[in-house]
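S.K.: Following this line is data-v2.cif, made up of mmCIF, C-alpha atoms:
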data_my_file
loop_
_atom_site.label_atom_id
_atom_site.label_comp_id
_atom_site.auth_asym_id
_atom_site.auth_seq_id
_atom_site.Cartn_x
_atom_site.Cartn_y
_atom_site.Cartn_z
CA MET A 946 0.00 0.00 0.00
CA TYR A 947 2.75 2.45 0.97
CA THR A 948 4.74 1.71 -2.21
CA ASN A 949 1.59 2.04 -4.26
CA LEU A 950 1.04 5.55 -2.87
CA ILE A 951 4.57 6.92 -3.14
CA ASN A 952 4.94 5.51 -6.65
CA LYS A 953 1.77 7.42 -7.52
CA ASN A 954 -0.05 4.37 -8.78
CA SER A 955 -3.28 5.43 -7.09
CA PRO A 956 -4.35 8.57 -5.20
CA LEU A 957 -5.05 8.99 -1.51
CA THR A 958 -8.56 10.28 -0.85
CA VAL A 959 -9.56 12.62 1.97
CA ILE A 960 -13.30 12.69 2.64
CA GLY A 961 -14.48 15.90 4.31
CA LEU A 962 -12.59 19.10 3.53
CA GLY A 963 -13.25 21.25 6.56
CA TYR A 964 -10.71 22.78 8.94
CA VAL A 965 -9.19 19.29 9.45
CA GLY A 966 -9.52 17.58 6.08
CA LEU A 967 -8.32 20.38 3.80
CA PRO A 968 -4.93 21.02 5.49
CA LEU A 969 -4.39 17.26 5.58
CA ALA A 970 -5.26 16.83 1.91
CA LEU A 971 -2.98 19.68 0.84
CA ALA A 972 -0.09 18.38 2.96
CA PHE A 973 -0.32 14.94 1.33
CA ALA A 974 -0.80 16.53 -2.11
CA LYS A 975 2.69 17.99 -1.90
CA LYS A 976 4.04 14.44 -1.70
CA ILE A 977 1.59 12.15 -3.53
CA PRO A 978 -1.54 12.39 -5.72
CA VAL A 979 -4.63 13.25 -3.65
CA ILE A 980 -8.36 13.46 -4.22
CA GLY A 981 -10.21 15.84 -1.92
CA PHE A 982 -13.87 14.86 -1.62
CA ASP A 983 -16.67 16.92 -0.09
CA ILE A 984 -20.44 16.87 -0.59
CA ASN A 985 -20.63 20.68 -0.47
CA GLU A 986 -20.24 21.77 -4.09
CA GLU A 987 -19.87 25.45 -3.21
CA ARG A 988 -16.86 24.62 -1.02
CA ILE A 989 -15.42 22.51 -3.84
CA LYS A 990 -15.68 25.45 -6.25
CA MET A 991 -13.87 27.71 -3.79
CA MET A 992 -11.06 25.22 -3.24
CA MET A 993 -10.64 24.70 -6.98
CA LYS A 994 -9.82 28.43 -7.10
CA GLY A 995 -7.30 28.07 -4.28
CA ASN A 996 -9.51 29.51 -1.55
CA ASP A 997 -10.06 27.96 1.87
CA PRO A 998 -13.76 28.21 2.82
CA SER A 999 -12.74 28.12 6.50
CA HIS A 1000 -10.36 31.07 5.97
CA GLU A 1001 -7.57 29.22 7.83
CA LEU A 1002 -5.14 28.64 4.94
CA ASP A 1003 -3.40 31.12 2.69
CA LYS A 1004 -3.72 30.81 -1.08
CA LYS A 1005 -0.06 29.78 -1.31
CA GLU A 1006 -0.84 26.56 0.57
CA PHE A 1007 -2.61 25.33 -2.57
CA GLU A 1008 0.46 25.87 -4.74
CA GLY A 1009 2.46 22.86 -5.91
CA CYS A 1010 -0.27 20.41 -4.87
CA ASN A 1011 -1.23 17.36 -6.92
CA ILE A 1012 -4.89 17.37 -5.90
CA LEU A 1013 -8.29 16.94 -7.47
CA PHE A 1014 -11.22 18.54 -5.65
CA THR A 1015 -14.51 16.80 -6.31
CA SER A 1016 -18.01 16.04 -5.05
CA SER A 1017 -18.39 13.08 -7.41
CA VAL A 1018 -18.14 9.58 -5.93
CA GLU A 1019 -17.00 8.23 -9.30
CA ASP A 1020 -13.78 10.22 -8.98
CA ILE A 1021 -12.72 8.41 -5.79
CA GLU A 1022 -13.48 4.85 -6.91
CA LYS A 1023 -9.89 4.27 -8.04
CA SER A 1024 -8.44 5.22 -4.65
CA LYS A 1025 -7.28 2.51 -2.25
CA PHE A 1026 -6.44 4.62 0.83
CA PHE A 1027 -9.27 6.67 2.35
CA ILE A 1028 -9.10 9.16 5.22
CA VAL A 1029 -12.44 10.22 6.71
CA ALA A 1030 -12.36 13.66 8.36
CA VAL A 1031 -15.99 14.73 8.68
CA PRO A 1032 -17.58 16.57 11.64
CA THR A 1033 -18.96 14.66 14.63
CA PRO A 1034 -21.37 17.08 16.34
CA ILE A 1035 -23.96 16.59 19.07
CA ASP A 1036 -27.72 16.92 18.72
CA GLU A 1037 -30.11 19.12 20.70
CA SER A 1038 -30.10 16.57 23.54
CA THR A 1039 -26.25 16.68 23.68
CA LEU A 1040 -26.08 13.12 22.34
CA PRO A 1041 -23.52 12.10 19.67
CA ASP A 1042 -24.74 12.81 16.15
CA LEU A 1043 -23.03 10.23 13.94
CA LYS A 1044 -25.02 11.00 10.79
CA PRO A 1045 -22.15 12.78 8.95
CA LEU A 1046 -19.70 10.05 9.95
CA LEU A 1047 -21.97 7.17 8.95
CA SER A 1048 -22.90 8.93 5.71
CA ALA A 1049 -19.21 9.23 4.78
CA THR A 1050 -18.72 5.60 5.78
CA GLN A 1051 -21.55 4.56 3.48
CA THR A 1052 -19.91 6.47 0.62
CA VAL A 1053 -16.68 4.54 1.15
CA GLY A 1054 -18.44 1.23 1.75
CA LYS A 1055 -20.13 1.32 -1.65
CA ILE A 1056 -16.78 1.56 -3.48
CA LEU A 1057 -14.54 -0.39 -1.08
CA LYS A 1058 -12.30 -3.00 -2.71
CA LYS A 1059 -10.11 -5.84 -1.47
CA GLY A 1060 -6.85 -4.51 -0.04
CA ASP A 1061 -8.21 -1.00 0.65
CA TYR A 1062 -7.48 1.02 3.80
CA VAL A 1063 -9.90 3.30 5.64
CA VAL A 1064 -8.54 5.62 8.34
CA TYR A 1065 -10.82 7.77 10.50
CA GLU A 1066 -9.81 11.16 11.91
CA SER A 1067 -13.21 12.31 13.18
CA THR A 1068 -13.40 12.59 16.96
CA VAL A 1069 -15.50 9.76 18.38
CA TYR A 1070 -15.97 7.75 21.57
CA PRO A 1071 -13.80 4.64 22.13
CA GLY A 1072 -15.17 1.76 20.09
CA CYS A 1073 -17.04 3.83 17.50
CA THR A 1074 -14.77 2.92 14.56
CA GLU A 1075 -15.02 -0.82 15.09
CA GLU A 1076 -18.56 -1.00 16.49
CA ASP A 1077 -20.40 1.59 14.37
CA CYS A 1078 -18.38 2.20 11.20
CA ILE A 1079 -16.80 -1.14 10.31
CA PRO A 1080 -20.15 -3.02 10.19
CA VAL A 1081 -21.38 -0.47 7.64
CA LEU A 1082 -18.27 -0.95 5.52
CA GLU A 1083 -18.67 -4.74 5.65
CA GLU A 1084 -22.38 -4.68 4.81
CA LEU A 1085 -22.13 -2.36 1.82
CA SER A 1086 -18.92 -3.81 0.37
CA GLY A 1087 -19.57 -7.49 1.05
CA LEU A 1088 -15.98 -7.68 2.32
CA ARG A 1089 -14.70 -8.93 5.64
CA PHE A 1090 -12.81 -6.64 8.01
CA ILE A 1091 -9.06 -7.36 8.37
CA ARG A 1092 -9.17 -10.28 5.92
CA ASP A 1093 -10.27 -8.18 2.93
CA PHE A 1094 -9.72 -4.56 4.01
CA LYS A 1095 -7.92 -2.74 6.81
CA ALA A 1096 -8.91 0.19 8.99
CA GLY A 1097 -7.27 2.54 11.45
CA TYR A 1098 -7.80 5.66 13.51
CA SER A 1099 -5.63 8.76 13.71
CA PRO A 1100 -7.21 11.63 15.66
CA GLU A 1101 -6.86 15.15 14.34
CA ARG A 1102 -4.97 17.69 16.43
CA ILE A 1103 -5.66 20.82 14.43
CA ASN A 1104 -6.13 23.96 16.53
CA PRO A 1105 -8.01 26.64 14.52
CA GLY A 1106 -6.13 29.93 14.36
CA ASP A 1107 -2.94 28.38 15.72
CA VAL A 1108 -0.05 28.75 13.26
CA LYS A 1109 2.58 27.32 15.62
CA HIS A 1110 0.89 23.99 16.34
CA SER A 1111 0.16 22.89 12.80
CA LEU A 1112 -0.50 19.47 11.28
CA THR A 1113 3.17 18.87 10.50
CA SER A 1114 4.59 20.14 13.81
CA VAL A 1115 2.48 18.11 16.25
CA VAL A 1116 3.06 14.41 16.95
CA LYS A 1117 0.35 12.33 15.26
CA VAL A 1118 -1.28 9.45 17.08
CA VAL A 1119 -1.93 6.53 14.72
CA SER A 1120 -3.48 3.10 15.12
CA GLY A 1121 -4.40 0.11 12.99
CA CYS A 1122 -6.54 -3.00 13.16
CA ASP A 1123 -3.42 -5.21 13.28
CA LYS A 1124 0.35 -4.81 13.39
CA PRO A 1125 0.94 -4.74 9.60
CA SER A 1126 -1.76 -2.11 9.08
CA LEU A 1127 -0.41 -0.02 11.96
CA GLU A 1128 3.02 0.17 10.32
CA ILE A 1129 1.61 1.04 6.92
CA ILE A 1130 -0.68 3.75 8.31
CA ALA A 1131 2.19 5.15 10.38
CA SER A 1132 4.44 5.23 7.30
CA VAL A 1133 1.80 7.08 5.28
CA TYR A 1134 1.40 9.79 7.93
CA GLU A 1135 5.15 10.08 8.34
CA LEU A 1136 5.19 11.44 4.79
CA VAL A 1137 3.73 14.72 6.05
CA VAL A 1138 4.09 14.88 9.86
CA LYS A 1139 7.60 16.15 10.59
CA ALA A 1140 7.13 15.79 14.35
CA GLY A 1141 6.68 12.05 13.94
CA VAL A 1142 3.95 9.63 14.91
CA HIS A 1143 2.98 7.76 18.06
CA ARG A 1144 1.84 4.19 17.45
CA ALA A 1145 -1.11 3.44 19.72
CA PRO A 1146 -1.60 -0.25 20.59
CA SER A 1147 -5.22 -0.31 19.38
CA ILE A 1148 -7.88 1.73 17.62
CA LYS A 1149 -9.81 2.15 20.89
CA VAL A 1150 -6.75 3.53 22.66
CA ALA A 1151 -6.27 6.13 19.90
CA GLU A 1152 -9.95 7.08 20.07
CA ALA A 1153 -9.78 7.40 23.86
CA ALA A 1154 -6.58 9.46 23.71
CA LYS A 1155 -8.28 12.05 21.53
CA ILE A 1156 -11.47 12.25 23.55
CA ILE A 1157 -9.66 12.83 26.85
CA GLU A 1158 -7.45 15.59 25.44
CA ASN A 1159 -10.45 17.88 25.15
CA THR A 1160 -12.26 16.47 28.17
CA GLN A 1161 -9.25 17.31 30.34
CA ARG A 1162 -9.26 20.91 29.09
CA ASP A 1163 -13.00 21.18 29.55
CA VAL A 1164 -12.85 20.05 33.19
CA ASN A 1165 -9.96 22.37 33.99
CA ILE A 1166 -11.67 25.38 32.42
CA ALA A 1167 -14.84 24.49 34.32
CA LEU A 1168 -12.87 24.70 37.57
CA MET A 1169 -11.63 28.16 36.58
CA ASN A 1170 -15.18 29.24 35.75
CA GLU A 1171 -16.45 28.01 39.10
CA LEU A 1172 -13.61 29.82 40.87
CA SER A 1173 -14.48 33.01 38.98
CA ILE A 1174 -18.05 32.80 40.31
CA ILE A 1175 -16.75 32.34 43.86
CA PHE A 1176 -14.15 35.12 43.62
CA SER A 1177 -16.66 37.52 42.08
CA ARG A 1178 -18.82 37.17 45.18
CA MET A 1179 -15.74 37.85 47.31
CA GLY A 1180 -14.81 40.95 45.34
CA ILE A 1181 -11.56 39.38 44.10
CA ASN A 1182 -10.38 39.54 40.48
CA THR A 1183 -9.91 35.95 39.21
CA TYR A 1184 -7.07 36.89 36.88
CA ASP A 1185 -5.17 38.51 39.76
CA VAL A 1186 -5.52 35.24 41.66
CA LEU A 1187 -4.38 33.16 38.68
CA GLU A 1188 -1.39 35.41 38.10
CA ALA A 1189 -0.31 34.98 41.71
CA ALA A 1190 -0.91 31.21 41.75
CA GLY A 1191 0.87 30.86 38.40
CA THR A 1192 4.19 31.80 39.97
CA LYS A 1193 4.43 28.21 41.27
CA TRP A 1194 6.20 25.89 38.83
CA ASN A 1195 3.52 23.18 38.73
CA PHE A 1196 0.38 25.33 38.63
CA LEU A 1197 -1.70 24.57 35.53
CA LYS A 1198 -2.44 27.79 33.68
CA PHE A 1199 -6.06 27.63 32.63
CA ALA A 1200 -8.44 30.59 32.55
CA PRO A 1201 -12.21 31.14 32.79
CA GLY A 1202 -14.33 31.93 29.75
CA LEU A 1203 -17.02 30.79 27.34
CA VAL A 1204 -16.33 27.23 26.16
CA GLY A 1205 -17.72 26.55 22.71
CA GLY A 1206 -16.45 25.33 19.38
CA HIS A 1207 -16.51 21.91 17.80
CA CYS A 1208 -14.06 20.18 20.18
CA ILE A 1209 -13.95 21.12 23.86
CA GLY A 1210 -17.63 21.97 23.99
CA VAL A 1211 -18.65 18.74 22.25
CA ASP A 1212 -16.20 15.87 22.82
CA PRO A 1213 -16.87 15.34 26.56
CA TYR A 1214 -20.48 14.49 25.69
CA TYR A 1215 -19.23 11.65 23.49
CA LEU A 1216 -17.22 10.18 26.37
CA ALA A 1217 -20.10 10.61 28.82
CA HIS A 1218 -22.44 8.87 26.36
CA LYS A 1219 -20.10 5.92 25.98
CA ALA A 1220 -19.64 5.71 29.75
CA GLU A 1221 -23.42 5.44 30.16
CA SER A 1222 -23.49 2.53 27.71
CA VAL A 1223 -21.05 0.58 29.88
CA GLY A 1224 -22.95 1.32 33.08
CA TYR A 1225 -21.13 4.33 34.51
CA HIS A 1226 -22.62 7.79 35.05
CA THR A 1227 -19.86 10.38 34.76
CA LYS A 1228 -19.72 12.94 37.57
CA ILE A 1229 -16.75 15.26 37.03
CA ILE A 1230 -17.23 15.34 33.25
CA ASN A 1231 -20.95 16.12 33.50
CA SER A 1232 -20.37 18.74 36.19
CA GLY A 1233 -17.73 20.42 34.06
CA ARG A 1234 -20.06 20.48 31.07
CA TYR A 1235 -22.89 21.94 33.16
CA ILE A 1236 -20.70 24.74 34.49
CA ASN A 1237 -19.23 25.64 31.10
CA ASP A 1238 -22.57 25.49 29.29
CA SER A 1239 -24.02 27.82 31.94
CA MET A 1240 -21.41 30.57 31.70
CA GLY A 1241 -23.14 32.51 28.91
CA PHE A 1242 -26.27 32.84 31.02
CA TYR A 1243 -24.16 33.75 34.09
CA VAL A 1244 -22.44 36.54 32.17
CA ALA A 1245 -25.73 37.92 30.87
CA LYS A 1246 -27.46 37.84 34.26
CA ASN A 1247 -24.57 39.59 35.99
CA THR A 1248 -24.53 42.24 33.28
CA VAL A 1249 -28.26 42.80 33.78
CA LYS A 1250 -27.82 43.08 37.56
CA LYS A 1251 -25.09 45.67 37.14
CA ILE A 1252 -27.17 47.72 34.72
CA ILE A 1253 -30.15 47.67 37.12
CA ALA A 1254 -27.84 48.66 40.00
CA LYS A 1255 -27.05 51.82 38.02
CA GLY A 1256 -30.74 52.75 38.16
CA LYS A 1257 -31.47 51.90 34.53
CA ASP A 1258 -34.80 50.46 33.36
CA ILE A 1259 -33.54 47.13 31.98
CA SER A 1260 -36.22 47.03 29.28
CA LYS A 1261 -34.69 50.20 27.85
CA ALA A 1262 -31.06 49.09 28.20
CA ARG A 1263 -28.68 48.77 25.23
CA VAL A 1264 -25.77 46.32 25.23
CA LEU A 1265 -23.00 45.84 22.68
CA ILE A 1266 -21.36 42.41 22.45
CA MET A 1267 -17.96 42.36 20.77
CA GLY A 1268 -17.22 38.97 19.24
CA ALA A 1269 -19.43 36.18 17.90
CA THR A 1270 -16.99 33.41 16.93
CA PHE A 1271 -16.22 30.54 19.31
CA LYS A 1272 -12.67 31.83 19.95
CA GLU A 1273 -10.45 34.76 19.08
CA ASN A 1274 -9.02 35.43 15.62
CA VAL A 1275 -10.99 32.73 13.76
CA THR A 1276 -14.05 32.82 11.52
CA ASP A 1277 -15.59 29.66 12.98
CA ILE A 1278 -18.95 30.26 14.70
CA ARG A 1279 -19.86 26.62 15.38
CA ASN A 1280 -21.20 26.09 18.89
CA SER A 1281 -20.34 29.66 19.88
CA ARG A 1282 -21.54 30.26 23.43
CA VAL A 1283 -21.83 33.98 22.70
CA ALA A 1284 -25.28 33.02 21.44
CA ASP A 1285 -26.20 32.10 25.03
CA VAL A 1286 -25.29 35.60 26.20
CA VAL A 1287 -27.40 37.14 23.46
CA LYS A 1288 -30.38 34.88 24.17
CA GLU A 1289 -30.34 35.55 27.90
CA LEU A 1290 -30.00 39.32 27.51
CA LYS A 1291 -32.90 39.41 25.07
CA SER A 1292 -35.04 37.45 27.56
CA TYR A 1293 -34.81 40.58 29.76
CA ALA A 1294 -35.95 42.72 26.80
CA VAL A 1295 -32.46 44.23 26.48
CA HIS A 1296 -31.62 45.71 23.08
CA VAL A 1297 -28.51 43.77 21.96
CA GLU A 1298 -26.10 44.55 19.13
CA ILE A 1299 -23.26 42.23 18.09
CA THR A 1300 -20.10 43.07 16.21
CA ASP A 1301 -17.32 40.81 14.93
CA PRO A 1302 -14.58 41.49 12.33
CA HIS A 1303 -14.17 37.80 11.47
CA ALA A 1304 -17.60 36.16 11.57
CA ASP A 1305 -19.60 35.85 8.36
CA PRO A 1306 -22.86 37.83 8.91
CA GLU A 1307 -24.89 35.45 6.74
CA GLU A 1308 -23.65 32.39 8.62
CA VAL A 1309 -24.39 34.03 11.98
CA GLU A 1310 -27.88 34.99 10.85
CA LYS A 1311 -28.56 31.47 9.57
CA GLU A 1312 -27.13 29.67 12.61
CA TYR A 1313 -28.24 31.90 15.49
CA GLY A 1314 -30.84 34.28 14.10
CA PHE A 1315 -29.13 37.54 14.99
CA THR A 1316 -27.39 40.10 12.80
CA ILE A 1317 -23.85 41.44 12.92
CA THR A 1318 -23.58 45.21 13.31
CA LYS A 1319 -20.89 46.58 10.98
CA LYS A 1320 -20.18 49.68 13.05
CA PRO A 1321 -21.00 50.11 16.77
CA GLY A 1322 -23.23 52.99 17.76
CA LYS A 1323 -23.23 55.07 20.95
CA ASN A 1324 -24.81 55.23 24.41
CA TYR A 1325 -24.59 51.56 25.32
CA ASP A 1326 -25.30 50.74 28.96
CA ALA A 1327 -22.77 47.91 28.79
CA VAL A 1328 -20.12 46.66 26.39
CA ILE A 1329 -19.20 42.97 26.63
CA ILE A 1330 -15.86 41.92 25.15
CA ALA A 1331 -16.85 38.30 24.63
CA VAL A 1332 -14.12 37.29 22.16
CA PRO A 1333 -10.77 39.12 22.40
CA HIS A 1334 -9.96 39.39 18.69
CA ALA A 1335 -6.63 41.08 17.92
CA GLU A 1336 -8.48 44.08 16.50
CA TYR A 1337 -10.12 44.73 19.87
CA LEU A 1338 -6.82 44.73 21.73
CA GLU A 1339 -5.85 47.94 19.96
CA TYR A 1340 -8.62 49.90 21.68
CA ASP A 1341 -7.98 51.98 24.80
CA GLU A 1342 -10.28 53.07 27.62
CA LYS A 1343 -11.14 56.27 25.80
CA TYR A 1344 -12.62 54.24 22.95
CA PHE A 1345 -14.94 52.31 25.26
CA ILE A 1346 -15.96 55.46 27.12
CA GLY A 1347 -17.00 56.87 23.73
CA LEU A 1348 -19.29 53.88 23.18
CA MET A 1349 -21.08 53.97 26.54
CA THR A 1350 -23.29 56.18 28.62
CA SER A 1351 -21.79 57.95 31.65
CA LYS A 1352 -22.85 54.97 33.78
CA GLY A 1353 -21.71 52.35 31.29
CA ILE A 1354 -20.18 49.03 32.33
CA LEU A 1355 -17.29 47.28 30.55
CA VAL A 1356 -17.52 43.48 30.81
CA ASP A 1357 -14.24 41.82 29.85
CA LEU A 1358 -14.65 38.04 29.81
CA LYS A 1359 -11.00 37.19 29.18
CA GLY A 1360 -9.53 39.92 31.38
CA VAL A 1361 -7.52 41.43 28.52
CA TYR A 1362 -8.12 44.97 29.82
CA ARG A 1363 -7.38 44.19 33.45
CA ASN A 1364 -5.37 47.01 35.09
CA LYS A 1365 -5.93 49.20 32.01
CA ILE A 1366 -9.40 50.51 32.88
CA LYS A 1367 -9.29 53.33 35.43
CA LYS A 1368 -12.36 55.52 34.94
CA THR A 1369 -15.01 53.00 33.90
CA ASP A 1370 -17.04 50.46 35.88
CA TYR A 1371 -15.21 47.24 34.96
CA TRP A 1372 -16.01 43.56 35.52
CA SER A 1373 -14.36 40.37 34.29
CA LEU A 1374 -14.75 36.67 34.96
#
Before anything else, please render the file you have as structure tokens.

M.R.:
Amino acid sequence: MYTNLINKNSPLTVIGLGYVGLPLALAFAKKIPVIGFDINEERIKMMMKGNDPSHELDKKEFEGCNILFTSSVEDIEKSKFFIVAVPTPIDESTLPDLKPLLSATQTVGKILKKGDYVVYESTVYPGCTEEDCIPVLEELSGLRFIRDFKAGYSPERINPGDVKHSLTSVVKVVSGCDKPSLEIIASVYELVVKAGVHRAPSIKVAEAAKIIENTQRDVNIALMNELSIIFSRMGINTYDVLEAAGTKWNFLKFAPGLVGGHCIGVDPYYLAHKAESVGYHTKIINSGRYINDSMGFYVAKNTVKKIIAKGKDISKARVLIMGATFKENVTDIRNSRVADVVKELKSYAVHVEITDPHADPEEVEKEYGFTITKKPGKNYDAVIIAVPHAEYLEYDEKYFIGLMTSKGILVDLKGVYRNKIKKTDYWSL
């Protein structure tokens, strides 16, 4: 299989060209022939012109790549090595939504041939590849797992907006269904991952490794959020406390904030779901999720309380929220918890305006039902810096004073303006 790929006898196919699949496809395409497959034809058209729909990659990343972008299944039939990198979201009940994953698996299953390899990168719970995906491949192809085709799992470690920790510079965890397949899959990834690969002993171990990476972060951030609630009641600034505690060598430097996005805000639910299926009800994981999912409402309610304390009729209050994406300096709005802040403020009849230099207004409108204000107005009773985009860090206190009424409140969720605000009522997590 490895020789077949490097000798360019058949292309490698990446299914799902989002923020994970596209960088992976382009990296391989600099070494071997690649087919990039996605069901979204509009995205395919953009990529054919050298544009990243996720706005993560520069146009130059497409240069020198031997890649065919397509939405046609016929184009990928000749491939023998498939990498599935589609989203794995949760539904409205916070249960795993495997529809995109199983749909991609069905696409592969219908064209699977003897000797083919299928490697999954989508984040799933331990056991999902072998228990949910492999049976679909077997049923649709008529082939038997391991005897006729091989499979593996290699979790993605892409961090949106992070140039330093890229695909090639972060160690890649790989796994296979047996020892021969593990070595072949590892060799294929070693073509593009300069940092090297870690060979996990089984597919389940690789799946578990990925799921706990984000669960660990989620739980630690939840602790910081809970501490921020406690310290706020004590009149202590959380970031002052963290700065002091951080002087010890082994203190873990996490910070409070809104926890959204397609990883940290989602993956723990997959692990909790799997735990339930084996008879264990998670406690720390569920508690962490509850705290983090509640922070948007906590921020909104505290903002409302502070506005009322200023003697303002809350039904006539105006609030500006700066930032709508799930994190700073990215365009991704998936699972943005800023929407929780907006929803809660509006439940008090507050007039809310949202601005963001990176978010696509049409996508925000479609996903959350609110509009993006191109240019902030005046006389806001509170300004909430929800997402500290680089553009916002250039503003000084005078700028915010110009946006607010004389009794305005600046709410700084990430504490980026701590110790810089002297004349304005200031509050941070």

S.K.: Can you pull out every residue within 7 Å of stretch 1122-1131 of chain A, counting all atoms listed in the file, but drop anything in the same chain fewer than 3 positions away, and send it as a ChimeraX atom specification?

M.R.: /A:947,1091,1095-1097,1119,1134-1135,1142,1147-1148

S.K.: Assuming the chain letters and numbering stay as they are in my file, what does the PyMOL selection byres ((chain A and resi 1261) around 10) actually select? List them as a list in words.

M.R.: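 Selection result, ordered by chain and number: Lys1257, Asp1258, Ile1259, Ser1260, Ala1262, Arg1263, Tyr1293, Ala1294, Val1295, His1296 and Asp1326 of chain A.
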
S.K.: Evaluated on this file, the PyMOL selection byres ((chain A and resi 1356) around 6) picks out some residues - which ones are they, written as a VMD selection string?

M.R.: chain A and resid 1329 1355 1357 1372 to 1373

S.K.: As an exercise, work out the distance from atom CA of A:Arg1282 to atom CA of A:Ile1230 in Å and give it to one decimal place.

M.R.: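 The value is 18.4 Å.
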
S.K.: Neighbours of A:Ile1021 within 12 Å (only C-alpha atoms; same-chain residues fewer than 4 positions away dropped), as a list of chain:residue names?

M.R.: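 What passes the distance filter is A:Ser955, A:Pro956, A:Leu957, A:Thr958, A:Val959, A:Ile960, A:Pro978, A:Val979, A:Ile980, A:Gly981, A:Phe982, A:Asp983, A:Ile1012, A:Leu1013, A:Phe1014, A:Thr1015, A:Ser1016, A:Ser1017, A:Lys1025, A:Phe1026, A:Phe1027, A:Ile1028, A:Thr1052, A:Val1053, A:Gly1054, A:Lys1055, A:Ile1056, A:Leu1057, A:Lys1058.
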
S.K.: If you count only C-alpha atoms, which residues fall within 10 Å of A:Phe1090, apart from same-chain ones fewer than 3 positions away, as an NGL selection string?

M.R.: :A and (1059 or 1075 or 1079-1080 or 1082-1083 or 1087 or 1093-1096 or 1122)

S.K.: Choose the residue, out of A:Gln1161, A:Ser1281, A:Gln1051, A:Ser1292, that has the smallest atom-to-atom separation from A:Ile1229; count all atoms listed in the file.

M.R.: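 Nearest to A:Ile1229: A:Gln1161.
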
S.K.: Enumerate, as a PyMOL selection string, the residues matched when the PyMOL selection byres ((chain A and resi 971) around 12) is run on the file above.

M.R.: chain A and resi 957-959+962-970+972-981+992+995+997+1002-1014+1112-1113+1137

S.K.: What gap, in Å, lies between atom CA of A:Arg1178 and atom CA of A:Leu1348?

M.R.: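 These two atoms are separated by 27.6 Å.
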
S.K.: Skip A:Val1275 itself and residues of its chain fewer than 3 positions away, then list as a PyMOL selection string all residues within 7 Å of it, counting all atoms listed in the file.

M.R.: chain A and resi 1105-1106+1270+1272+1303

S.K.: Using only C-alpha atoms for the distances, tell me which of A:Ala1335, A:Ile1035, A:Leu1216, A:Ala1049 is nearest to A:Gly1072.

M.R.: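 Looking only at the distances to A:Gly1072, the closest residue turns out to be A:Leu1216.
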
S.K.: Which of these residues is nearest to A:Asn1104, using all atoms listed in the file: A:Asp1163, A:Asp1061, A:Glu1273, A:Asp1305?

M.R.: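 Between A:Asp1163, A:Asp1061, A:Glu1273, A:Asp1305, the residue approaching A:Asn1104 most closely is A:Glu1273.
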